[in-house]
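Here is the structure we will look at, set down as structure tokens.
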Amino acid sequence: MALLETGNGVPGAGGQPRGEYRRAAAKSRAAGPKPKPRVALRPRIAWRRLAAPAWGPARARVPRAPGGRVTIRLGLAQIEPALGLPDRNLDLHLAAIEAARAQRLDLLLFPELSLTGYLLKDLVPEIARPWPDPFFAPLVEASRTLDLAFGFVERGEGLLSHNSLAYLSGGRLLHLHRKAYLPTYGMFDEQRFFAAGDGLQAFPTRFGRLALLICEDLWHPSMPYLAFLDGALGLLVASASPLRGLEGSAAGGLPANAEFWDDLLRHHARQYAGFIAFCNRCGVEDGSSYWGGSRLVGPEGTLVAAGPLHAPALVSAELDLAAVARRRRDFALLRDERPELVFRALERILRRRAGNPDAETQVPGSVVR
Amino acid sequence: MSGPPGPPAAWAELDYDLLRRILVQFIRSEVQRTGLARGVLGLSGGLDSSLVAALAAEALGPEQVLGLAMPYRTSSPESLAHARLMVEHTGIRFAVVEITPMVDAYFAGQPEASSLRRGNKMARERMSILYDRSAAEGALVLGTSNKSEIFLGYGTAYGDLASAINPIGDLFKTQVRGLSRFLGLPAAVVDKPPSADLWAGQSDEAELGFSYEQVDPLLYAMLDERLEREALLARGWEAAFVDRVTEMIRRSQFKRRLPVIAKVSRRTADHDFLYPRDWGSG
């Protein structure tokens, strides 16, 4: 699968079909009709395993940043947003943008809900803004020369409030992601105040195809899986992660949930051979201390840069996008991934969870009583 | 009454420097976001208030912190001496307000009043003085109750449990001691037996019937690890100890909540009027 051909969509999933896929389809037709699935699937898809592209990894193209570079200078604005004070936070954003410009960065990622603060509770509907809104004008303007990703409370259709992350480039909104997994356990209570987003989609940028995730999104394996399957070279993850559990920290380790984050980031980057930029906020809200520690992880799972714990910082590093291509050439798990298998299995699992006994008998070798 | 044998648990061996930074940032942030710059606390000479004084001095600057010793006539002179020791150690401002006249005046006609009633009255007398001084100072009242006390219910509602912000309310007593040692607080304060000092010779551990070293591992297993009774017994705790502590936690739940309000309107304070406490304070 041509996941390295970023910026054009994954062939067969909305992008332009390529010769190799047409040839694969012809081969499949020549092999004769396939047996019908025992249970009709919706939507109907002619399932087949796509052949590996003939052009091979050696010819994989890496998108080039302006000026022909294959590197991206990425910044993580580890700020301390003020709770419920968007005007003050907008100033924080503009100051970070100035600092990023001084470092000649290409892309600046802010934390989750960076324009509003996190523990908003009943303030959520009061502080929500639709997109577009004149409030965002300074950020839209700033994005003409510096790509920006920042968080805010979005007033969506039907006046629903979403925990959203916007990606701006060239003076316009390129993509908006609504947090799909809203944690409502322990110290979290998001589903009471936000409506969940319904999807995840990678999108083309001037640096190649990227995907946006918000905090808890990354804790659910489906989200990085879908993002990378959708052709993302890398993930931008915005977070407002409060510290929990200092156990084990005496040995120089991170606090418990920070260590979990570190594991997740490195695992997913390595698993999918993509980079992950993780920007976590710092500061205190209602007694919760956000631990900062923003991270940039390379496609081999190596930590490229890390922000300080519990302090504001502009974390930046230059990332070699060709490393993604090299890693995927040597480590072809993503190429060999079988989404059609996943789709079929999910369809069956959903049927079983809905109480359909037939769903237990669809897999060869499964025990039937 | 003792916990299962073994080396100190990981939760007792924290990165105390990281913990110090978090708590200092908490105090600074929560005080300053209200537009104030000062803190006031009851400085008893005990470990908890000594630690809060040290953290507050670092967070706000020692001159911005006022420690109040509020002895009753039966309080130990050693407590006052230790409070003065902490003042020298931290450089915070200090004042002594005797509560004997007001407490004795109140109980003048009630010689039968129990030690418990008298102790609670003293704690609430101190709270009322702290809040009055906080208004005079333009300061926030800094709480000094630790997690062990809070969950065992070993504190007086609207007395020593009252505060505007509490930096150490999520630390078990043994962790309070660990952080205090890390910060280099005077050994005379760190190593003495814990006491609420409500009457002569009082000791927390004599009153509770167990030590914090005994109960904190159990509290951690119950509260943080959420182990069921069977799992606690399997780890080696005696059933009577587990049941007693469980009952102490259950019976003191009311002290950890705001007063319950009869709900008759469409939106009730603290139930579904859910704004953050730090709302709009920056």
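Please note that chains go A, B, ... in the order of the structure tokens, that every chain numbers its residues from 1, and that ligands are numbered from 1 in the order shown.
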Which residues of chain B come within 6 Å of chain A, and for each one, what is the closest pair of atoms and their distance in Å to one decimal, counting only C-alpha atoms, sorted by chain and residue number, as CSV?
residue,atom,partner,partner_atom,distance
B:Ala10,CA,A:Gly248,CA,5.4
B:Trp11,CA,A:Glu247,CA,4.4
B:Glu13,CA,A:Ala250,CA,5.6
B:Leu14,CA,A:Ala250,CA,4.5
B:Asp15,CA,A:Ala250,CA,4.0
B:Leu274,CA,A:Asp122,CA,5.4
B:Tyr275,CA,A:Asp122,CA,5.3
B:Arg277,CA,A:Asp286,CA,6.0
B:Asp278,CA,A:Asp286,CA,5.6
B:Gly280,CA,A:Gly84,CA,5.3
B:Gly282,CA,A:Ala82,CA,4.5
Could you take the residues named above and write them with C-alpha atoms, as a tab-separated table (two decimals), in the first residue's frame?
chain	number	residue	atom	x	y	z
B	10	ALA	CA	7.22	2.45	45.96
B	11	TRP	CA	4.58	5.00	46.86
B	13	GLU	CA	9.71	6.61	47.97
B	14	LEU	CA	8.75	9.52	45.76
B	15	ASP	CA	10.80	11.92	43.70
B	274	LEU	CA	-20.56	22.89	37.92
B	275	TYR	CA	-18.12	25.70	37.37
B	277	ARG	CA	-13.35	26.81	41.35
B	278	ASP	CA	-10.60	28.67	39.50
B	280	GLY	CA	-11.96	33.20	35.36
B	282	GLY	CA	-6.52	33.32	35.33
Tell me, as number ranges by chain, which residues lie within 12 Å of Arg117 (chain B), counting only C-alpha atoms; anything in the same chain fewer than 4 positions away does not count.
B: 103, 106-107, 110-113, 121-124, 156, 198-199
Out of region 55-140 of chain B, which residues get alpha helix (DSSP H) from DSSP, as a ChimeraX atom specification?
/B:55-60,77-90,100-106,115-137
Ranking B:Val189, B:Ala105, B:Ala239, B:Leu208 by minimum distance to Gly153 (chain B) and counting only C-alpha atoms, which one comes first?
B:Leu208
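Considering the residues B:Phe94, B:Leu219, B:Gly42, B:Arg33 and counting only C-alpha atoms, Ser163 (chain B) has its shortest atom-to-atom contact with B:Gly42.
The set of residues in region 106-157 of chain A assigned to strand (DSSP E or B) by DSSP, using only backbone atoms of this structure, is Leu107, Leu108, Leu109, Arg129, Asp147, Leu148, Ala149, Phe150, Gly151, Phe152, Val153, Glu154 and Arg155 of chain A.
Minimum atom-to-atom distances from B:Ala69, B:Ala37, B:Leu51, B:Ala164 to Asp197 (chain B) were compared using only C-alpha atoms, and the lowest value belongs to B:Ala69.
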Neighbour list for Pro111 (chain A) as an NGL selection string, cut-off 6 Å, only C-alpha atoms, skip fewer than 2 positions in-chain
:A and (114 or 238-239 or 279-281)
From the list B:Asp160, B:Met102, B:Ile22, B:Gln202, the nearest residue to Ser76 (chain B) using only C-alpha atoms is B:Gln202
Excluding same-chain residues fewer than 5 positions from Ser252 (chain B), what lies within 12 Å of it counting only C-alpha atoms, as a PDB file with C-alpha atoms, in the first residue's frame?
ATOM      1  CA  GLU B 149      -6.110  12.499  58.580  1.00  0.00           C
ATOM      2  CA  ILE B 150      -8.604  13.483  55.927  1.00  0.00           C
ATOM      3  CA  PHE B 151      -9.586   9.892  55.155  1.00  0.00           C
ATOM      4  CA  LEU B 152      -9.578   8.676  58.741  1.00  0.00           C
ATOM      5  CA  GLY B 153     -11.797  11.611  59.662  1.00  0.00           C
ATOM      6  CA  TYR B 154      -9.151  12.674  62.163  1.00  0.00           C
ATOM      7  CA  GLY B 155      -9.858  16.368  61.991  1.00  0.00           C
ATOM      8  CA  THR B 156     -12.503  18.884  62.988  1.00  0.00           C
ATOM      9  CA  ALA B 157     -15.007  20.003  60.366  1.00  0.00           C
ATOM     10  CA  VAL B 245     -10.216   1.616  58.947  1.00  0.00           C
ATOM     11  CA  THR B 246     -12.951   0.985  56.372  1.00  0.00           C
ATOM     12  CA  GLU B 247     -15.548   2.090  58.901  1.00  0.00           C
ATOM     13  CA  ARG B 257     -18.150  16.951  51.309  1.00  0.00           C
TER      14      ARG B 257
END
Show me, as a PyMOL selection string, the residues that have an atom within 10 Å of Glu157 (chain A) when counting only C-alpha atoms, minus same-chain residues fewer than 4 positions from it.
chain A and resi 130+161-162
Selection export as a PDB file, in the first residue's frame, atoms kept: N, CA, C and O atoms:
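part.pdb, freshly written:
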ATOM      1  N   PRO A 130     -17.947  29.192  17.101  1.00  0.00           N
ATOM      2  CA  PRO A 130     -18.013  28.441  15.847  1.00  0.00           C
ATOM      3  C   PRO A 130     -16.761  28.711  15.018  1.00  0.00           C
ATOM      4  O   PRO A 130     -16.011  29.644  15.305  1.00  0.00           O
ATOM      5  N   SER A 161     -21.177  21.408  21.636  1.00  0.00           N
ATOM      6  CA  SER A 161     -19.813  21.862  21.909  1.00  0.00           C
ATOM      7  C   SER A 161     -18.846  20.706  21.714  1.00  0.00           C
ATOM      8  O   SER A 161     -19.085  19.596  22.202  1.00  0.00           O
ATOM      9  N   HIS A 162     -17.756  20.971  21.022  1.00  0.00           N
ATOM     10  CA  HIS A 162     -16.738  19.952  20.782  1.00  0.00           C
ATOM     11  C   HIS A 162     -15.393  20.428  21.309  1.00  0.00           C
ATOM     12  O   HIS A 162     -15.086  21.613  21.276  1.00  0.00           O
TER      13      HIS A 162
END
Distance criterion (only C-alpha atoms): nearest to Tyr220 (chain B) out of B:Ser148, B:Thr100, B:Ser180, B:Thr268:
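That would be B:Ser148, the residue with the smallest distance to Tyr220 (chain B).
Closest approach to Tyr72 (chain B) from the set B:Pro101, B:Gly91, B:Gly46, B:Gly109 is made by B:Pro101, with distances taken over only C-alpha atoms.
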Long-range neighbours of Arg38 (chain B) as a ChimeraX atom specification, 10 Å cut-off, only C-alpha atoms, 5 positions minimum in chain
/B:28,31-32,56-57,59-66,134,137-142
Mind checking which residues fall within 10 Å of Glu216 (chain A), counting only C-alpha atoms, ignoring those fewer than 5 positions away in the same chain, and posting them as a list in words?
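With the cut-off at 10 Å, the set is Lys179, Ala180, Tyr181, Leu182, Pro183, Met223, Val237, Ala238, Ser239, Ala240 and Ser241 of chain A.
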So that I have them on file, write out the residues from the current selection with all heavy atoms, as a short mmCIF file (atom, residue, chain, number, x, y, z; two decimals), in the first residue's frame.
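Saved as selection.cif:
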data_model
loop_
_atom_site.label_atom_id
_atom_site.label_comp_id
_atom_site.auth_asym_id
_atom_site.auth_seq_id
_atom_site.Cartn_x
_atom_site.Cartn_y
_atom_site.Cartn_z
N LYS A 179 -12.38 15.90 19.17
CA LYS A 179 -11.95 14.79 20.04
C LYS A 179 -13.02 13.70 20.03
O LYS A 179 -14.19 13.97 20.34
CB LYS A 179 -11.72 15.31 21.46
CG LYS A 179 -11.05 14.32 22.39
CD LYS A 179 -10.72 15.00 23.72
CE LYS A 179 -9.93 14.11 24.65
NZ LYS A 179 -9.58 14.81 25.91
N ALA A 180 -12.61 12.50 19.68
CA ALA A 180 -13.57 11.41 19.52
C ALA A 180 -13.76 10.63 20.81
O ALA A 180 -14.84 10.09 21.07
CB ALA A 180 -13.10 10.47 18.41
N TYR A 181 -12.72 10.53 21.61
CA TYR A 181 -12.80 9.78 22.86
C TYR A 181 -12.73 10.77 24.03
O TYR A 181 -11.69 11.38 24.27
CB TYR A 181 -11.67 8.75 22.94
CG TYR A 181 -11.92 7.57 22.03
CD1 TYR A 181 -11.36 7.49 20.77
CD2 TYR A 181 -12.77 6.53 22.44
CE1 TYR A 181 -11.61 6.41 19.93
CE2 TYR A 181 -13.02 5.45 21.61
CZ TYR A 181 -12.44 5.39 20.37
OH TYR A 181 -12.70 4.33 19.54
N LEU A 182 -13.85 10.92 24.69
CA LEU A 182 -13.96 11.89 25.78
C LEU A 182 -13.88 11.14 27.11
O LEU A 182 -14.83 10.45 27.49
CB LEU A 182 -15.29 12.64 25.68
CG LEU A 182 -15.54 13.37 24.36
CD1 LEU A 182 -16.96 13.91 24.30
CD2 LEU A 182 -14.54 14.51 24.18
N PRO A 183 -12.77 11.21 27.82
CA PRO A 183 -12.64 10.43 29.05
C PRO A 183 -13.65 10.89 30.10
O PRO A 183 -13.79 12.09 30.35
CB PRO A 183 -11.20 10.71 29.50
CG PRO A 183 -10.85 12.00 28.86
CD PRO A 183 -11.60 12.06 27.57
N MET A 223 -7.32 4.79 16.99
CA MET A 223 -7.07 6.12 16.43
C MET A 223 -5.71 6.23 15.73
O MET A 223 -5.65 6.65 14.57
CB MET A 223 -7.23 7.18 17.52
CG MET A 223 -8.65 7.23 18.08
SD MET A 223 -9.90 7.69 16.83
CE MET A 223 -9.94 9.45 17.03
N VAL A 237 -0.40 15.45 18.30
CA VAL A 237 -1.24 15.10 19.45
C VAL A 237 -1.22 16.26 20.44
O VAL A 237 -0.17 16.59 20.99
CB VAL A 237 -0.76 13.81 20.13
CG1 VAL A 237 -1.70 13.43 21.26
CG2 VAL A 237 -0.64 12.68 19.12
N ALA A 238 -2.38 16.87 20.65
CA ALA A 238 -2.49 17.97 21.63
C ALA A 238 -3.08 17.40 22.90
O ALA A 238 -4.04 16.63 22.86
CB ALA A 238 -3.39 19.08 21.07
N SER A 239 -2.54 17.81 24.04
CA SER A 239 -2.95 17.17 25.28
C SER A 239 -3.04 18.16 26.44
O SER A 239 -2.36 19.17 26.47
CB SER A 239 -1.93 16.07 25.62
OG SER A 239 -2.26 15.48 26.85
N ALA A 240 -3.95 17.82 27.37
CA ALA A 240 -3.99 18.49 28.68
C ALA A 240 -3.98 17.37 29.70
O ALA A 240 -5.02 16.97 30.22
CB ALA A 240 -5.24 19.36 28.81
N SER A 241 -2.81 16.84 29.97
CA SER A 241 -2.70 15.66 30.82
C SER A 241 -2.28 16.07 32.23
O SER A 241 -1.17 16.55 32.44
CB SER A 241 -1.66 14.70 30.23
OG SER A 241 -1.39 13.65 31.13
#
Separation of CA of His220 (chain A) from CA of Arg327 (chain A) in Å:
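Straight-line distance from CA of Arg327 (chain A) to CA of His220 (chain A) works out to 23.8 Å.
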